[in-house]
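File shown here: structure_6.csv, holding CSV, C-alpha atoms and all ligand atoms.
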chain,number,residue,atom,x,y,z
I,525,MET,CA,274.6,78.9,62.5
I,526,LEU,CA,274.5,76.5,59.6
I,527,TYR,CA,272.2,77.1,56.6
I,528,SER,CA,270.5,74.9,54.1
I,529,ASP,CA,268.4,75.4,51.0
I,530,ALA,CA,266.0,72.5,50.5
I,531,HIS,CA,265.0,73.4,46.9
I,532,LEU,CA,266.9,75.2,44.3
I,533,HIS,CA,267.7,75.0,40.6
I,534,VAL,CA,271.0,75.4,38.8
I,535,ASN,CA,271.5,76.3,35.2
I,536,PRO,CA,275.1,76.2,34.0
I,537,VAL,CA,273.9,77.0,30.5
I,538,LYS,CA,272.3,80.4,31.3
I,539,GLY,CA,273.2,81.2,34.8
I,540,PHE,CA,275.9,80.9,37.5
I,541,GLY,CA,275.9,77.1,37.7
I,542,ALA,CA,276.4,75.0,40.9
I,543,SER,CA,280.1,75.8,41.5
I,544,LYS,CA,279.6,79.6,42.0
I,545,ILE,CA,276.3,79.1,43.8
I,546,ALA,CA,277.8,76.5,46.2
I,547,LYS,CA,280.9,78.6,46.8
I,548,LYS,CA,279.0,81.7,47.8
I,549,PHE,CA,276.5,79.7,49.9
I,550,LYS,CA,279.3,77.8,51.7
I,551,SER,CA,281.1,81.1,52.4
I,552,ILE,CA,278.1,82.4,54.5
I,553,GLY,CA,277.6,79.2,56.4
I,554,GLY,CA,275.8,77.0,54.0
I,555,TRP,CA,276.1,73.2,54.5
I,556,PHE,CA,273.4,71.6,52.4
I,557,ILE,CA,271.5,72.2,49.2
I,558,SER,CA,269.0,70.1,47.3
I,559,ILE,CA,269.4,70.6,43.5
I,560,VAL,CA,266.2,70.0,41.6
I,561,SER,CA,266.2,69.5,37.8
I,562,LEU,CA,264.7,72.2,35.5
I,563,PRO,CA,262.6,71.3,32.5
I,564,PRO,CA,264.9,70.3,29.6
I,565,TYR,CA,264.0,73.4,27.5
I,566,HIS,CA,265.4,75.6,30.2
I,567,TYR,CA,268.8,74.2,29.3
I,568,GLY,CA,268.0,74.5,25.6
I,569,PHE,CA,266.9,70.9,24.9
I,570,THR,CA,263.5,71.6,23.2
I,571,GLU,CA,263.0,68.2,21.6
I,572,PRO,CA,260.3,66.2,23.4
I,573,SER,CA,262.5,63.1,23.6
I,574,ILE,CA,264.2,60.9,26.2
I,575,GLU,CA,267.5,62.2,24.9
I,576,SER,CA,266.7,65.6,26.2
I,577,TYR,CA,266.2,64.1,29.7
I,578,ARG,CA,269.4,62.1,29.5
I,579,ARG,CA,271.2,65.4,28.9
I,580,VAL,CA,269.4,67.0,31.9
I,581,LEU,CA,270.6,64.1,34.0
I,582,GLU,CA,274.2,64.6,32.8
I,583,ILE,CA,274.0,68.3,33.8
I,584,LEU,CA,272.6,67.4,37.2
I,585,GLN,CA,275.3,64.9,37.9
I,586,ARG,CA,278.1,67.3,36.9
I,587,GLU,CA,276.6,70.2,38.8
I,588,ALA,CA,276.1,68.1,41.9
I,589,SER,CA,279.8,67.1,42.0
I,590,ARG,CA,280.8,70.7,41.4
I,591,ALA,CA,278.7,71.7,44.5
I,592,ARG,CA,280.2,68.9,46.5
I,593,GLU,CA,283.7,70.0,45.5
I,594,GLN,CA,282.9,73.3,47.3
I,595,GLY,CA,282.3,71.3,50.5
I,596,LEU,CA,278.5,71.2,50.5
I,597,GLU,CA,276.3,68.2,51.3
I,598,VAL,CA,274.1,67.8,48.2
I,599,ALA,CA,270.9,65.9,47.4
I,600,VAL,CA,269.9,65.6,43.7
I,601,PHE,CA,266.4,65.4,42.4
I,602,MET,CA,265.0,64.7,38.9
I,603,GLY,CA,261.4,65.0,37.9
I,604,LEU,CA,258.9,66.1,35.3
I,605,HIS,CA,257.4,69.5,36.2
I,606,PRO,CA,253.7,70.0,35.5
I,607,ALA,CA,254.7,73.0,33.3
I,608,GLU,CA,256.4,70.5,31.0
I,609,ILE,CA,253.0,68.9,30.3
I,610,ASP,CA,251.7,72.3,29.1
I,611,TYR,CA,254.9,72.9,27.1
I,612,TYR,CA,254.5,69.6,25.2
I,613,TYR,CA,250.8,70.1,24.7
I,614,LYS,CA,251.5,73.6,23.2
I,615,GLN,CA,254.1,72.0,20.9
I,616,GLY,CA,251.3,69.7,19.6
I,617,VAL,CA,252.5,66.5,21.2
I,618,LYS,CA,249.5,64.1,21.4
I,619,PRO,CA,248.8,62.9,24.9
I,620,ASP,CA,249.2,59.2,24.0
I,621,LYS,CA,252.6,60.0,22.6
I,622,LEU,CA,253.4,62.1,25.7
I,623,ALA,CA,252.5,59.2,28.0
I,624,GLY,CA,255.1,57.1,26.2
I,625,LEU,CA,257.8,59.8,26.8
I,626,VAL,CA,256.7,60.1,30.4
I,627,ASP,CA,257.1,56.4,31.0
I,628,GLN,CA,260.6,56.5,29.5
I,629,VAL,CA,261.5,59.5,31.8
I,630,LEU,CA,260.2,57.7,34.8
I,631,LYS,CA,262.2,54.6,33.9
I,632,LEU,CA,265.3,56.9,33.6
I,633,ILE,CA,264.5,58.3,37.0
I,634,GLU,CA,264.1,54.8,38.5
I,635,ASP,CA,267.4,53.6,37.1
I,636,SER,CA,269.1,56.7,38.4
I,637,ILE,CA,267.8,56.1,41.9
I,638,LYS,CA,269.0,52.5,41.7
I,639,THR,CA,272.5,53.5,40.7
I,640,GLY,CA,272.5,56.4,43.2
I,641,VAL,CA,273.0,59.1,40.6
I,642,ILE,CA,270.0,60.9,42.1
I,643,ASN,CA,268.7,60.9,45.6
I,644,GLY,CA,265.0,61.5,45.0
I,645,ILE,CA,262.2,62.6,42.6
I,646,GLY,CA,261.1,66.1,41.9
I,647,GLU,CA,259.7,68.3,41.1
I,648,VAL,CA,256.4,66.6,40.0
I,649,GLY,CA,252.9,67.5,40.8
I,650,ARG,CA,250.0,69.7,39.6
I,651,GLN,CA,250.0,73.1,37.9
I,652,HIS,CA,249.6,76.0,40.4
I,653,TYR,CA,248.3,78.3,37.6
I,654,GLY,CA,245.3,78.0,35.3
I,655,THR,CA,245.5,75.3,32.7
I,656,SER,CA,243.1,72.8,31.1
I,657,PRO,CA,241.5,70.1,33.3
I,658,GLU,CA,243.0,67.6,30.9
I,659,ARG,CA,246.6,68.8,31.4
I,660,PHE,CA,246.0,69.0,35.1
I,661,VAL,CA,244.9,65.4,35.4
I,662,PHE,CA,247.8,64.3,33.1
I,663,ALA,CA,250.3,66.0,35.5
I,664,GLU,CA,248.5,64.5,38.5
I,665,THR,CA,248.8,61.0,37.0
I,666,ILE,CA,252.5,61.4,36.8
I,667,MET,CA,252.6,62.6,40.4
I,668,VAL,CA,250.8,59.4,41.5
I,669,LYS,CA,253.3,57.2,39.6
I,670,THR,CA,256.2,59.0,41.3
I,671,LEU,CA,254.6,58.5,44.7
I,672,ILE,CA,254.7,54.8,44.0
I,673,LEU,CA,258.4,55.1,43.0
I,674,ALA,CA,259.1,57.0,46.2
I,675,ARG,CA,257.5,54.2,48.1
I,676,ASP,CA,259.2,51.4,46.3
I,677,TYR,CA,262.7,52.9,46.6
I,678,ASP,CA,262.2,54.7,49.9
I,679,VAL,CA,263.3,58.1,48.5
I,680,PRO,CA,261.9,61.6,49.0
I,681,VAL,CA,259.7,63.1,46.4
I,682,GLN,CA,259.3,66.9,46.1
I,683,LEU,CA,255.8,68.0,45.0
I,684,HIS,CA,254.9,71.2,43.2
I,685,THR,CA,251.2,71.8,43.7
I,686,GLU,CA,248.5,74.4,43.7
I,687,GLN,CA,248.4,76.3,47.0
I,688,GLY,CA,245.0,75.0,48.0
I,689,GLY,CA,245.4,75.0,51.8
I,690,PHE,CA,243.2,72.2,53.2
I,691,ALA,CA,242.3,70.8,49.8
I,692,THR,CA,245.9,70.4,48.7
I,693,ALA,CA,247.1,68.8,51.9
I,694,TYR,CA,244.0,66.5,52.2
I,695,SER,CA,244.4,65.4,48.5
I,696,ILE,CA,248.1,64.6,48.9
I,697,SER,CA,247.5,62.7,52.1
I,698,GLN,CA,244.7,60.7,50.5
I,699,LEU,CA,246.6,59.8,47.4
I,700,ALA,CA,249.7,58.8,49.5
I,701,SER,CA,247.5,56.6,51.7
I,702,LEU,CA,245.9,55.0,48.6
I,703,VAL,CA,249.3,54.0,47.2
I,704,LYS,CA,250.8,53.5,50.7
I,705,THR,CA,253.6,56.0,50.4
I,706,PRO,CA,254.8,57.1,53.8
I,707,LEU,CA,254.1,60.8,54.3
I,708,SER,CA,257.6,61.3,55.7
I,709,ARG,CA,259.0,60.7,52.2
I,710,ILE,CA,256.9,63.5,50.7
I,711,ILE,CA,258.0,67.1,50.6
I,712,LEU,CA,255.4,69.7,49.6
I,713,HIS,CA,257.5,72.4,48.1
I,714,HIS,CA,256.8,76.2,48.0
I,715,ALA,CA,254.0,76.0,50.7
I,716,ASN,CA,252.4,79.3,51.5
I,717,LEU,CA,251.3,79.8,55.1
I,718,GLU,CA,247.8,78.5,54.8
I,719,THR,CA,248.9,75.4,52.9
I,720,ALA,CA,251.8,74.8,55.3
I,721,ARG,CA,249.4,74.9,58.2
I,722,TRP,CA,247.3,72.1,56.7
I,723,THR,CA,250.3,70.2,55.4
I,724,GLU,CA,251.7,70.2,58.9
I,725,TYR,CA,248.3,69.1,60.3
I,726,PHE,CA,248.3,66.0,58.1
I,727,GLY,CA,252.0,65.3,58.9
I,728,ILE,CA,253.4,66.1,55.5
I,729,PRO,CA,256.9,67.7,55.4
I,730,PHE,CA,257.1,71.0,53.4
I,731,THR,CA,259.5,73.7,52.3
I,732,ALA,CA,258.7,77.3,52.9
I,733,PRO,CA,259.8,79.8,50.3
I,734,VAL,CA,262.3,82.2,52.1
I,735,ARG,CA,260.5,85.3,50.7
I,736,HIS,CA,257.2,84.1,52.3
I,737,PHE,CA,258.9,83.3,55.6
I,738,ASP,CA,257.9,86.5,57.4
I,739,GLU,CA,257.2,87.0,61.2
I,740,LYS,CA,253.8,85.5,60.9
I,741,TYR,CA,254.9,82.4,59.1
I,742,ALA,CA,258.0,82.0,61.2
I,743,SER,CA,256.3,82.4,64.6
I,744,HIS,CA,254.4,79.1,64.2
I,745,LYS,CA,256.1,76.2,66.0
I,746,TRP,CA,256.6,74.0,63.0
I,747,ILE,CA,257.6,70.4,63.2
I,748,ASN,CA,258.3,69.5,59.5
I,749,CYS,CA,259.4,72.8,58.1
I,750,MET,CA,262.4,73.4,55.8
I,751,ILE,CA,263.3,76.5,53.8
I,752,GLU,CA,263.9,76.9,50.1
I,753,SER,CA,265.0,79.7,47.8
I,754,ASP,CA,263.6,78.0,44.7
I,755,PHE,CA,266.4,79.9,42.9
I,756,ILE,CA,266.1,79.4,39.1
I,757,ASP,CA,269.5,80.6,38.1
I,758,ASP,CA,268.3,82.4,35.1
I,759,PRO,CA,269.6,86.0,34.5
I,760,GLU,CA,266.8,86.7,32.1
I,761,ARG,CA,264.3,86.2,34.9
I,762,PRO,CA,265.9,88.0,37.9
I,763,GLY,CA,263.8,88.2,41.0
I,764,VAL,CA,261.4,85.4,39.9
I,765,ALA,CA,262.5,83.5,43.1
I,766,ALA,CA,264.9,84.3,45.9
I,767,TYR,CA,268.7,83.7,46.1
I,768,PRO,CA,270.0,81.0,48.4
I,769,TRP,CA,272.1,83.6,50.3
I,770,GLU,CA,268.9,85.4,51.3
I,771,ILE,CA,268.1,82.5,53.7
I,772,PRO,CA,270.8,83.5,56.3
I,773,THR,CA,269.8,87.1,56.1
I,774,VAL,CA,266.1,86.4,56.6
I,775,LEU,CA,266.6,83.9,59.5
I,776,ASN,CA,269.2,86.1,61.3
I,777,LYS,CA,266.8,89.0,61.2
I,778,LEU,CA,264.0,86.8,62.7
I,779,ILE,CA,266.4,85.7,65.5
I,780,GLU,CA,267.4,89.3,66.2
I,781,LYS,CA,263.8,90.4,66.5
I,782,GLY,CA,263.1,87.5,68.8
I,783,VAL,CA,260.5,85.9,66.5
I,784,VAL,CA,262.4,82.6,66.5
I,785,THR,CA,265.1,81.2,68.7
I,786,GLU,CA,268.5,79.9,67.5
I,787,GLU,CA,267.3,76.4,68.5
I,788,GLN,CA,264.3,76.7,66.3
I,789,VAL,CA,266.3,77.8,63.4
I,790,TYR,CA,268.8,75.0,63.9
I,791,LYS,CA,266.0,72.5,63.8
I,792,ILE,CA,264.8,73.9,60.5
I,793,MET,CA,268.2,74.4,58.9
I,794,VAL,CA,269.9,71.2,60.2
I,795,ASP,CA,267.8,68.6,62.1
I,796,ASN,CA,264.9,68.5,59.7
I,797,ILE,CA,267.2,68.3,56.7
I,798,ALA,CA,269.1,65.4,58.2
I,799,ARG,CA,266.0,63.6,59.2
I,800,LEU,CA,263.9,64.2,56.0
I,801,PHE,CA,266.6,64.0,53.4
I,802,ARG,CA,268.5,61.4,55.4
I,803,VAL,CA,271.8,63.1,55.1
I,804,LYS,CA,274.6,63.2,57.6
I,805,PRO,CA,274.4,66.4,59.7
I,806,PRO,CA,277.5,68.5,59.7
I,901,ZN,ZN,257.9,74.4,41.9
I,902,ZN,ZN,261.4,74.7,41.8
What is this structure when it is put down as C-alpha cells?
Amino acid sequence: MLYSDAHLHVNPVKGFGASKIAKKFKSIGGWFISIVSLPPYHYGFTEPSIESYRRVLEILQREASRAREQGLEVAVFMGLHPAEIDYYYKQGVKPDKLAGLVDQVLKLIEDSIKTGVINGIGEVGRQHYGTSPERFVFAETIMVKTLILARDYDVPVQLHTEQGGFATAYSISQLASLVKTPLSRIILHHANLETARWTEYFGIPFTAPVRHFDEKYASHKWINCMIESDFIDDPERPGVAAYPWEIPTVLNKLIEKGVVTEEQVYKIMVDNIARLFRVKPP
C-alpha cells in the first residue's frame, strides 16, 4: 500500500524538518505529502511585516525540495491562518494596518503561484475556537479573497474552519458559488465526522484527521475523502496533532478488521490525492 498525508506542517527551526519527516514517511510506504505553511511566529518571525512572510516562503521552498530529495511527491501551500489575525490583534496591530499587510501577503501568494513556487493556498479560513466576531469576520474576508485566487489560478485552497456540520459546509458552498470557485478546488481540512458528512453532501473535498478516523468514520463510503496528520513539528507541543507515520498504522488496522477494503484505502491514499491535488500518481 502507498500512503499520503494531505496536510502537515514542517518546522526546521524547532522540530524535525522536512528531510527527516519525509525519509521516515517514505520508508513506510509514503508517496505524497502536502506541506502547509505555519504562521511566521512559529518559525520565530514575530514582526507583523511582509518580510516575515518572505522568510516563511523561503523555508517552505527549501523544505519542499528536501522532502522531494527523499523521493516524495510534494505539494506546497502558503496561507494566512485565522490564528494569525488574533495574534496581530493581540499585538495591537490596528485592523486597517492589518488589511494592508494581508494584501501584501496575498500578493506574495499570488506571485508564488504564478512562478510555481507554491501549488496552492492554505491554510486560510475561520477560527475554530472562541474569538471576537470582529476577528472572525476579518479572517473570513481573507478566506473569500483566497477563494477568488483559487478560482483565477485554478489551484487548490485548504480551508481551516469551525466544525459546524451543516452550517459550515453550507456556508462554504454558498461563498464558493457567489465567487464562482469550483468546489473541486476546495479542501476543507480537519473535518470531523459530522462536518465531513455535510461537506461530502455538498460535494466539497475534505481531509479527515487520522486520529478521528475511527471505525465509524471509516465505514462511510466516502467519495472526496483524504487523510491528514496535521503534524505541527513542534517538540514543545507533542501530541497536539498526529504524526504522519500514524496514517499507515491506522489504515492497516482498519483493513485488518474488515472496516475498509484495500481498494477503498487506495482510493483515499492515491486516487483522490492524484485527482484533487492534480499530481501524478506513483
Ligand atoms: Zn488547521
Ligand atoms: Zn494545519
Collect all residues with atoms no farther than 12 Å from ligand ZN 902 (chain I), counting all atoms listed in the file, and output them as a VMD selection string. chain I and resid 529 to 534 558 to 563 601 to 607 646 to 649 652 682 to 685 712 to 715 731 to 733 752 to 757 764 to 766
When you draw a straight line from CA of Ile747 in chain I to CA of Ser701 in chain I, how long is it in Å?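 We find that CA of Ile747 in chain I and CA of Ser701 in chain I lie 20.6 Å from each other.
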Report as a ChimeraX atom specification all protein, DNA and RNA residues lying within 12 Å of Phe569 in chain I, evaluated on only C-alpha atoms, omitting residues in the same chain fewer than 4 positions from it. /I:537,562-565,573-581,583
Computed interatomic separation between CA of Asn643 in chain I and CA of Val600 in chain I (Å):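 Taking CA of Asn643 in chain I and CA of Val600 in chain I, their separation equals 5.2 Å.
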Compile the contact shell of Thr705 in chain I as a ChimeraX atom specification: residues with an atom at most 9 Å away, counting all atoms listed in the file, same-chain residues fewer than 4 positions apart removed. /I:671-676,678,699-701,709-710
Write the residues of the preceding selection, restricted to C-alpha atoms, as a JSON list (two decimals), in the frame of the given file.
[["chain", "number", "residue", "atom", "x", "y", "z"],
["I", 671, "LEU", "CA", 254.60, 58.50, 44.70],
["I", 672, "ILE", "CA", 254.70, 54.80, 44.00],
["I", 673, "LEU", "CA", 258.40, 55.10, 43.00],
["I", 674, "ALA", "CA", 259.10, 57.00, 46.20],
["I", 675, "ARG", "CA", 257.50, 54.20, 48.10],
["I", 676, "ASP", "CA", 259.20, 51.40, 46.30],
["I", 678, "ASP", "CA", 262.20, 54.70, 49.90],
["I", 699, "LEU", "CA", 246.60, 59.80, 47.40],
["I", 700, "ALA", "CA", 249.70, 58.80, 49.50],
["I", 701, "SER", "CA", 247.50, 56.60, 51.70],
["I", 709, "ARG", "CA", 259.00, 60.70, 52.20],
["I", 710, "ILE", "CA", 256.90, 63.50, 50.70]]
Of the listed residues I:Phe549, I:Phe690, I:Tyr725, I:Trp555, that which approaches Pro806 in chain I most closely, counting all atoms listed in the file: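 Among the listed residues, the smallest separation from Pro806 in chain I belongs to I:Trp555.
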Please list as a list in words every residue within 9 Å of Gly727 in chain I, counting all atoms listed in the file and excluding residues in the same chain fewer than 4 positions away.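 My reading of the contact set: Ser697, Leu707, Ser708, Trp722, Thr723, Ile747 and Asn748 of chain I.
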Given the choices I:Asp795, I:Glu686, I:Asp738, I:Glu770, which gets closest to ligand ZN 901 (chain I) if the distance is worked out from only C-alpha atoms and all ligand atoms?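 With only C-alpha atoms and all ligand atoms as the atom set, the closest residue is I:Glu686.
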Here is a test: counting all atoms listed in the file, which residue of I:Lys550, I:Arg659, I:Lys538, I:Lys740 is nearest to Met525 in chain I?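 With all atoms listed in the file as the atom set, the closest residue is I:Lys550.
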Which residue out of I:Tyr790, I:Trp769, I:Phe801, I:Phe730 has the minimum interatomic distance to Ser551 in chain I when only C-alpha atoms are used?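 Once distances to Ser551 in chain I are computed over only C-alpha atoms, the minimum belongs to I:Trp769.
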Which is closest to ligand ZN 901 (chain I) among I:Ile779, I:Ile711, I:Val789, I:Ile552, if we use only C-alpha atoms and all ligand atoms?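 Comparing I:Ile779, I:Ile711, I:Val789, I:Ile552 against ligand ZN 901 (chain I), the winner is I:Ile711.
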Would you please work out which residue, of I:Leu622, I:Met667, I:Ala691, I:Ile696, is nearest to Glu718 in chain I when using all atoms listed in the file?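 Distance minimum relative to Glu718 in chain I lands on I:Ala691.
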Can you patch up range 786-805 of chain I, filling it in to N, CA and C atoms, and show the result as a compact mmCIF listing (two decimals), in the frame of the given file?
# COMPACT_ATOMS: atom_id res chain seq x y z
N GLU I 786 267.41 80.55 68.25
CA GLU I 786 268.50 79.90 67.50
C GLU I 786 268.22 78.38 67.41
N GLU I 787 267.65 77.82 68.48
CA GLU I 787 267.30 76.40 68.50
C GLU I 787 266.31 76.04 67.42
N GLN I 788 265.30 76.89 67.30
CA GLN I 788 264.30 76.70 66.30
C GLN I 788 264.86 76.71 64.88
N VAL I 789 265.72 77.69 64.67
CA VAL I 789 266.30 77.80 63.40
C VAL I 789 267.25 76.63 63.07
N TYR I 790 267.97 76.18 64.09
CA TYR I 790 268.80 75.00 63.90
C TYR I 790 268.04 73.78 63.53
N LYS I 791 266.87 73.66 64.13
CA LYS I 791 266.00 72.50 63.80
C LYS I 791 265.57 72.56 62.34
N ILE I 792 265.21 73.76 61.87
CA ILE I 792 264.80 73.90 60.50
C ILE I 792 265.94 73.75 59.50
N MET I 793 267.07 74.33 59.84
CA MET I 793 268.20 74.40 58.90
C MET I 793 269.05 73.07 58.94
N VAL I 794 269.03 72.35 60.07
CA VAL I 794 269.90 71.20 60.20
C VAL I 794 269.14 69.89 60.50
N ASP I 795 268.48 69.88 61.65
CA ASP I 795 267.80 68.60 62.10
C ASP I 795 266.81 68.11 61.09
N ASN I 796 265.93 68.99 60.61
CA ASN I 796 264.90 68.50 59.70
C ASN I 796 265.46 68.05 58.36
N ILE I 797 266.51 68.72 57.91
CA ILE I 797 267.20 68.30 56.70
C ILE I 797 267.78 66.92 56.84
N ALA I 798 268.50 66.74 57.93
CA ALA I 798 269.10 65.40 58.20
C ALA I 798 268.10 64.34 58.29
N ARG I 799 266.99 64.62 58.94
CA ARG I 799 266.00 63.60 59.20
C ARG I 799 265.16 63.32 57.89
N LEU I 800 264.79 64.36 57.15
CA LEU I 800 263.90 64.20 56.00
C LEU I 800 264.59 63.85 54.71
N PHE I 801 265.81 64.36 54.55
CA PHE I 801 266.60 64.00 53.40
C PHE I 801 267.52 62.82 53.67
N ARG I 802 267.57 62.44 54.93
CA ARG I 802 268.50 61.40 55.40
C ARG I 802 269.89 61.61 54.99
N VAL I 803 270.38 62.78 55.33
CA VAL I 803 271.80 63.10 55.10
C VAL I 803 272.49 63.26 56.44
N LYS I 804 273.80 63.10 56.40
CA LYS I 804 274.60 63.20 57.60
C LYS I 804 274.65 64.66 58.06
N PRO I 805 274.25 64.98 59.30
CA PRO I 805 274.40 66.40 59.70
C PRO I 805 275.83 66.78 59.85
